[in-house]
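Chemist: The following block contains the structure, expressed as structure tokens.
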Amino acid sequence: MSFPWAKEYTPGNPLTQWVDERLPLPRLVYNAIGAGYPVPRNLNYFWNFGILAGLCLVLQIVTGIVMAMHYAANTAVAFDTVEMTVRDVNWGWLFRYAHANGASAFFVVIYLHIFRGFYYGSYKAPREMVWLLGVVIFLLMMATAFMGYVLPWGQMSYWGAKVITGLFGAIPFVGEPLQQWLLGGFAPDNAALNRFFSLHYLLPFVIVGVVILHIWALHIPGSSNPTGVEVKTQSDTVPFYPYFVAKDGWATGLFLVLFTIMLFYLPNQLGHPDNYIPANPMSTPAHIVPEWYFWPFYAILRAFTSNFFFIPAKLMGVLAMFGAILVWFFLPWLDKSPVRSGNYRPLYRKFFWFGLIPTMAVLFYCGGAPAAEPYVMLSQLAALYYFAHFLIVIPIVSAIEKPLPLPYSITESVLGKDDGAQLAPVSPDAGIAPAPAA
Amino acid sequence: MARILSILVGLFFTVALAWSFANGAYNQITEPPAPTAEHEFHLPPKEVHFASDGPFGKFDKQQLQRGFQVYKEVCSACHSLNHVAFRDLSQLGYTEGQVKAIAAGFQVPGNDPTTGEANMRPGQPTDYFPKPFLNDIAARAANNNAIPPDLSLMTKARHDGAAYVHSLLTGYQAQPAALLKEFPDAKTPEGLHYNPYFANLNLAMPPPLATDGQVEYGPGNPKPTVDQMAQDVSAFLIWTAEPSLEKRHQTGFAVVLFLIFATVLGYLAYRNIWADEKH
């Protein structure tokens with residue numbers, strides 16, 4: 001599953017040879033993240049976030065397993081066991097803060113990873129499967145993070161769970177029984193807390209599984225790159241090891257510096273103070289808000305304030321909130337432009353920087369603000385553009401846009417010339433030519 | 001076909017949102033929301049500084065001991081400190097003997113060793129601070145139908161927590177005439193107390209620190225003014241909410257320094273490896 005010039009694995013010593021003959025695991029690693037994986041030489045720093053996301057996942061699993069050793073999923077003691085972990089377990093406070101802030105770091109990284117994909121058209125053929133699996137990972141992350149936030153059983157845990165599970169009640173006919181079945185009761189209680197804990201422990205390993213598929217699918221065509229022109233010859237690539245190991249290595253260092261500054265010096269900045277109050281079903285917080293990484297979608301949920309013909313506003317909100325992510329699944333077919341990279345798409349680029357990015361900023365802001373004016377009206381306008389961007393603007397832009405001329409190859413874009421260019425006829429579909437098969 | 005379908009779906013959502021927006025705008029114009037007393041008279045916490053602030057902040061143990069004294073003599077009559085054990089007080093600089101003596105000064109629930117019946121016994125370092133009320137019903141009955149919240153995590157459970165506690169304790173005042181003029185219905189109800197730092201302006205807790213010198217500090221300590229006592233107990237509550245704060249600051253310094261060093265090495269390695277490859 002690589003280019004013809006990819007280096008072949010040769011065991012360096014008798015032990016790896018012995019293992020490789022019986023289980024070619026060293027070979028798999030060598031071809032996946034070693035010298036056997038040729039990578040476009042022109043990747044910029046936006047291509048570091050995949051590795052960083054993987055790092056966050058590992059970090060969350062490790063800190064989470066330690067947290068689970070000290071946690072009890074029982075509404076009577078859950079809040080206290082988390083506090084006990086922080087106060088009486090050796091380095092418990094570090095694991096707790098690392099896990100809570102690690103979730104935030106994971107979402108920062110994943111949002112950058114996703115928006116890299118939007119700008120550079122990483123979702124286009126032949127990488128649709130990579131994209132689809134990525135959206136699945138994002139949905140699984142959201143479910144995992146939501147259930148994890150319920151576990152400490154603070155005020156926001158409880159009321160967040162109540163609001164989000166209440167959304168199922170908006171589904172016509174089956175909504176209410178479905179909601180009760182999911183919760184194991186009429187409101188979030190011990191049954192819900194227990195199953196949330198069980199699923200919160202399970203889903204990260206499901207994510208690991210889908211991540212493996214995501215990387216596997218990526219290695220079929222190989223990584224995309226900022227020009228969006230596919231790899232043609234060996235001079236377009238460098239081996240992953242040592243080149244990208246070194247680049248990812250120092251980027252990882254930079255990420256860890258920023259993450260640890262957050263973790264050690266602003267550990268509660270991204271959390272809500274109300275979650276340090278034990279859950280109380282009799283007392284509703286003044287403003288119920290989810291964690292910051294859900295704010296854009298929470299803003300979309302709340303943007304629907306009027307019934308639309310026979311559809312109740314609440315149901316519209318639920319449809320739109322899930323629709324806002326589900327639309328990403330269709331992106332490879334909504335965007336028909338043969339050019340991948342936003343660098344060569346003048347019109348698309350304008351809508352990206354002046355449409356989608358400000359829209360997301362407004363949705364982020366309004367999702368965390370109280371459900372009052374002017375935030376609701378602002379989020380209505382932003383949500384309106386959000387749906388228009390993916391469902392109307394992108395299909396039309398990709399039909400009418402005249403893209404800029406593409407470089408012949410990655411080598412040409414880097415060196416200014418490519419000796420191979422004189423030999424080969426210029427292919428009109430240079431941007432979408434699939435890579436040589438394995 | 002796919003393009004038409006997508007535009008139709010897009011129109012469905014955008015028209016629904018435009019409809020919601022139009023309704024919202026219409027309501028906003030025809031019935032603008034009435035201003036509320038909370039919105040106009042609620043104040044953000046006053047600025048106040050603590051030794052534990054900032055990346056190199058450390059606890060002022062002398063201040064924490066004073067704050068503990070305020071908690072013990074004033075707050076503990078109504079407010080619990082559920083997550084703190086007497087043994088934890090050794091972190092404030094008390095010796096083992098002093099911790100034992102403090103613990104013994106509190107009566108905690110126990111059992112009669114001969115009959116097994118519930119009774120009260122003097123506390124030991126391993127005990128947690130006792131609750132001032134038997135249960136929520138008793139707490140409500142004694143406090144004008146309000147439950148005094150647990151204070152262990154208070155400075156993390158409010159925005160700008162320590163400053164909030166300080167402002168609340170020093171913020172009691174008569175209801176401003178301007179408020180009553182603008183909102184005649186917003187008069188502080190009987191049994192509540194006006195405090196602009198409290199979210200809905202009226203608080204069941206009477207001013208707990210009413211006069212200077214209410215708590216007597218030992219020699220070598222600042223004068224126990226209301227403001228000083230409020231600052232001291234706020235500092236104490238920073239500690240109860242996060243006893244590991246100092247260790248966190250110190251560990252963080254070493255970790256971040258090491259990571260910066262490692263990152264610089266990583267960057268140099270990266271430059272070295274890529275030196276002969278244009279990209």
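We label chains A, B, ... in the order they appear in the structure tokens, count residues from 1 in each chain, and number ligands from 1 in the order shown.
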Dump as a PyMOL selection string the residues of chain B that approach chain A to within 6 Å, counting only C-alpha atoms.
Modeler: chain B and resi 6-7+10+14+16-17+20-21+156-158+248+252+256+259+263+266-267+270+279
Chemist: Mind dumping the selected residues with N, CA and C atoms as a JSON list (two decimals), in the first residue's frame?
Modeler:
[["chain", "number", "residue", "atom", "x", "y", "z"],
["B", 6, "SER", "N", -29.34, 18.93, -2.55],
["B", 6, "SER", "CA", -28.58, 19.58, -1.48],
["B", 6, "SER", "C", -29.05, 21.02, -1.28],
["B", 7, "ILE", "N", -29.32, 21.71, -2.40],
["B", 7, "ILE", "CA", -29.78, 23.10, -2.26],
["B", 7, "ILE", "C", -31.16, 23.13, -1.61],
["B", 10, "GLY", "N", -30.65, 22.60, 2.00],
["B", 10, "GLY", "CA", -30.07, 23.85, 2.51],
["B", 10, "GLY", "C", -31.14, 24.90, 2.69],
["B", 14, "THR", "N", -32.19, 26.97, 6.07],
["B", 14, "THR", "CA", -31.97, 28.42, 6.09],
["B", 14, "THR", "C", -33.29, 29.17, 6.19],
["B", 16, "ALA", "N", -36.04, 28.05, 7.60],
["B", 16, "ALA", "CA", -36.52, 27.87, 8.98],
["B", 16, "ALA", "C", -35.78, 28.83, 9.92],
["B", 17, "LEU", "N", -34.48, 29.00, 9.71],
["B", 17, "LEU", "CA", -33.70, 29.90, 10.57],
["B", 17, "LEU", "C", -34.09, 31.35, 10.32],
["B", 20, "SER", "N", -37.25, 31.93, 12.18],
["B", 20, "SER", "CA", -36.99, 32.11, 13.61],
["B", 20, "SER", "C", -36.42, 33.49, 13.87],
["B", 21, "PHE", "N", -35.49, 33.89, 13.00],
["B", 21, "PHE", "CA", -34.85, 35.21, 13.16],
["B", 21, "PHE", "C", -35.88, 36.33, 13.04],
["B", 156, "LYS", "N", -13.78, 27.53, 43.93],
["B", 156, "LYS", "CA", -13.75, 27.02, 42.55],
["B", 156, "LYS", "C", -15.16, 26.93, 41.97],
["B", 157, "ALA", "N", -16.17, 27.06, 42.83],
["B", 157, "ALA", "CA", -17.55, 26.86, 42.39],
["B", 157, "ALA", "C", -18.24, 28.17, 42.01],
["B", 158, "ARG", "N", -17.49, 29.28, 42.02],
["B", 158, "ARG", "CA", -18.04, 30.56, 41.56],
["B", 158, "ARG", "C", -17.04, 31.18, 40.61],
["B", 248, "ARG", "N", 1.21, 22.16, 42.50],
["B", 248, "ARG", "CA", 0.88, 22.29, 41.08],
["B", 248, "ARG", "C", 1.75, 23.36, 40.44],
["B", 252, "GLY", "N", 4.58, 22.37, 37.77],
["B", 252, "GLY", "CA", 4.39, 22.96, 36.45],
["B", 252, "GLY", "C", 5.63, 23.67, 35.97],
["B", 256, "VAL", "N", 7.26, 22.52, 32.51],
["B", 256, "VAL", "CA", 7.24, 23.43, 31.35],
["B", 256, "VAL", "C", 8.68, 23.76, 30.94],
["B", 259, "LEU", "N", 10.08, 20.83, 29.11],
["B", 259, "LEU", "CA", 9.48, 20.67, 27.78],
["B", 259, "LEU", "C", 9.98, 21.72, 26.80],
["B", 263, "THR", "N", 11.81, 20.81, 23.48],
["B", 263, "THR", "CA", 11.25, 21.30, 22.22],
["B", 263, "THR", "C", 12.32, 22.02, 21.40],
["B", 266, "GLY", "N", 14.34, 19.42, 19.92],
["B", 266, "GLY", "CA", 13.56, 18.81, 18.84],
["B", 266, "GLY", "C", 13.58, 19.69, 17.60],
["B", 267, "TYR", "N", 13.47, 21.00, 17.81],
["B", 267, "TYR", "CA", 13.46, 21.93, 16.68],
["B", 267, "TYR", "C", 14.81, 21.91, 15.96],
["B", 270, "TYR", "N", 15.11, 18.84, 13.98],
["B", 270, "TYR", "CA", 14.27, 18.99, 12.78],
["B", 270, "TYR", "C", 14.99, 19.79, 11.71],
["B", 279, "HIS", "N", 11.51, 22.25, 1.13],
["B", 279, "HIS", "CA", 10.10, 21.91, 1.30],
["B", 279, "HIS", "C", 9.27, 23.17, 1.46]]
Chemist: Excluding Gly209 (chain A) and residues on its chain fewer than 2 positions from it, collect all residues at most 12 Å away from it, counting only C-alpha atoms, and give them as a VMD selection string.
Modeler: chain A and resid 54 57 133 to 134 136 to 137 140 202 to 207 211 to 216
Chemist: Here is a test: counting only C-alpha atoms, which residue of B:Asp212, B:Gly93, B:Val108, B:Gln28 is nearest to Leu134 (chain B)?
Modeler: B:Val108
Chemist: For a quick check of understanding, using only C-alpha atoms, which of A:Trp328, A:Phe354, A:Phe186, A:Tyr408 has the smallest distance to Val229 (chain A)?
Modeler: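 Nearest to Val229 (chain A): A:Tyr408.
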Chemist: Based on the backbone DSSP call, show me all residues of region 228-411 of chain A assigned helix (DSSP H, G or I), as a PyMOL selection string.
Modeler: chain A and resi 234-236+240-265+273-276+292-303+313-334+342-344+346-368+375-400+410-411
Chemist: Do you have the CA of Ala104 (chain B)-CA of Gln63 (chain B) distance handy?
Modeler: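 Straight-line distance from CA of Ala104 (chain B) to CA of Gln63 (chain B) works out to 22.6 Å.
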Chemist: Considering only C-alpha atoms, can you say which of B:Gly110, B:Gly116, B:Pro33, B:Gly24 comes closest to Pro130 (chain B)?
Modeler: B:Gly110
Chemist: Give me the residues near Ile102 (chain B) as number ranges by chain, where near means some atom within 9 Å (using only C-alpha atoms) and where sequence neighbours in that chain fewer than 2 positions away do not count.
Modeler: B: 86, 97-100, 104-106, 123-125
Chemist: So that I can check the surroundings of Ala210 (chain B), please list as a VMD selection string every protein, DNA and RNA residue that reaches within 12 Å of it, counting only C-alpha atoms and ignoring chain neighbours fewer than 4 positions away.
Modeler: chain B and resid 74 169 to 173 206 214 to 215 224 to 227 229 to 230
Chemist: Put those residues in a file: N, CA and C atoms, as a short mmCIF file (atom, residue, chain, number, x, y, z; two decimals), in the first residue's frame.
Modeler:
data_model
loop_
_atom_site.label_atom_id
_atom_site.label_comp_id
_atom_site.auth_asym_id
_atom_site.auth_seq_id
_atom_site.Cartn_x
_atom_site.Cartn_y
_atom_site.Cartn_z
N VAL B 74 -16.60 31.81 63.02
CA VAL B 74 -17.77 32.46 62.41
C VAL B 74 -18.53 31.51 61.47
N LEU B 169 -18.59 39.03 51.35
CA LEU B 169 -18.50 39.24 52.80
C LEU B 169 -18.42 40.72 53.16
N THR B 170 -17.88 41.53 52.25
CA THR B 170 -17.70 42.95 52.57
C THR B 170 -18.72 43.82 51.82
N GLY B 171 -19.64 43.18 51.08
CA GLY B 171 -20.49 43.94 50.16
C GLY B 171 -21.88 44.27 50.68
N TYR B 172 -22.21 43.86 51.91
CA TYR B 172 -23.55 44.15 52.44
C TYR B 172 -23.76 45.65 52.53
N GLN B 173 -24.92 46.12 52.16
CA GLN B 173 -25.23 47.55 52.23
C GLN B 173 -26.74 47.73 52.19
N PRO B 206 -27.23 36.67 56.88
CA PRO B 206 -26.99 38.01 57.43
C PRO B 206 -25.48 38.30 57.37
N GLN B 214 -14.03 41.38 65.32
CA GLN B 214 -14.99 40.32 65.68
C GLN B 214 -14.25 39.02 66.02
N VAL B 215 -13.16 38.76 65.29
CA VAL B 215 -12.29 37.64 65.59
C VAL B 215 -11.00 38.23 66.14
N PRO B 224 -7.65 42.93 62.76
CA PRO B 224 -8.76 42.19 62.16
C PRO B 224 -9.92 43.09 61.75
N THR B 225 -9.70 43.89 60.72
CA THR B 225 -10.81 44.65 60.15
C THR B 225 -11.71 43.69 59.40
N VAL B 226 -12.92 44.15 59.07
CA VAL B 226 -13.85 43.30 58.31
C VAL B 226 -13.19 42.89 57.00
N ASP B 227 -12.55 43.86 56.33
CA ASP B 227 -11.91 43.56 55.05
C ASP B 227 -10.79 42.55 55.22
N MET B 229 -10.43 40.29 57.64
CA MET B 229 -10.99 38.97 57.97
C MET B 229 -11.57 38.32 56.71
N ALA B 230 -12.24 39.13 55.88
CA ALA B 230 -12.83 38.59 54.64
C ALA B 230 -11.72 38.08 53.71
#
Chemist: With only C-alpha atoms as the basis for distance, which of A:Pro177, A:Ile325, A:Ser235, A:Leu331 is at the shortest distance from Ser409 (chain A)?
Modeler: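 Closest residue, counting only C-alpha atoms: A:Ser235.
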Chemist: Among region 231-369 of chain A, which ones does DSSP place in strand (DSSP E or B), written as a list in words?
Modeler: Thr237, Val238, Pro239, Pro278, Phe308 and Ile311 of chain A
Chemist: Skip Val289 (chain A) itself and residues of its chain fewer than 6 positions away, then list as a VMD selection string all residues within 8 Å of it, counting only C-alpha atoms.
Modeler: chain A and resid 156 160 295 367 to 368
Chemist: I need the residues from that last selection saved to file as a JSON list (two decimals), in the first residue's frame (with N, CA and C atoms), if you can.
Modeler:
[["chain", "number", "residue", "atom", "x", "y", "z"],
["A", 156, "MET", "N", -23.46, 20.97, 36.44],
["A", 156, "MET", "CA", -23.49, 21.00, 34.97],
["A", 156, "MET", "C", -23.54, 19.60, 34.38],
["A", 160, "GLY", "N", -26.61, 19.20, 32.17],
["A", 160, "GLY", "CA", -26.21, 18.94, 30.79],
["A", 160, "GLY", "C", -26.81, 17.62, 30.30],
["A", 295, "TRP", "N", -20.11, 24.17, 21.93],
["A", 295, "TRP", "CA", -20.84, 25.42, 21.79],
["A", 295, "TRP", "C", -21.40, 25.70, 20.39],
["A", 367, "GLY", "N", -22.88, 30.03, 21.55],
["A", 367, "GLY", "CA", -23.22, 28.77, 22.22],
["A", 367, "GLY", "C", -22.88, 28.82, 23.70],
["A", 368, "GLY", "N", -21.88, 29.62, 24.07],
["A", 368, "GLY", "CA", -21.50, 29.73, 25.47],
["A", 368, "GLY", "C", -22.21, 30.86, 26.18]]
Chemist: Find the distance between CA of Ile164 (chain A) and CA of Ile114 (chain A) and write it in Å to one decimal.
Modeler: 24.0 Å
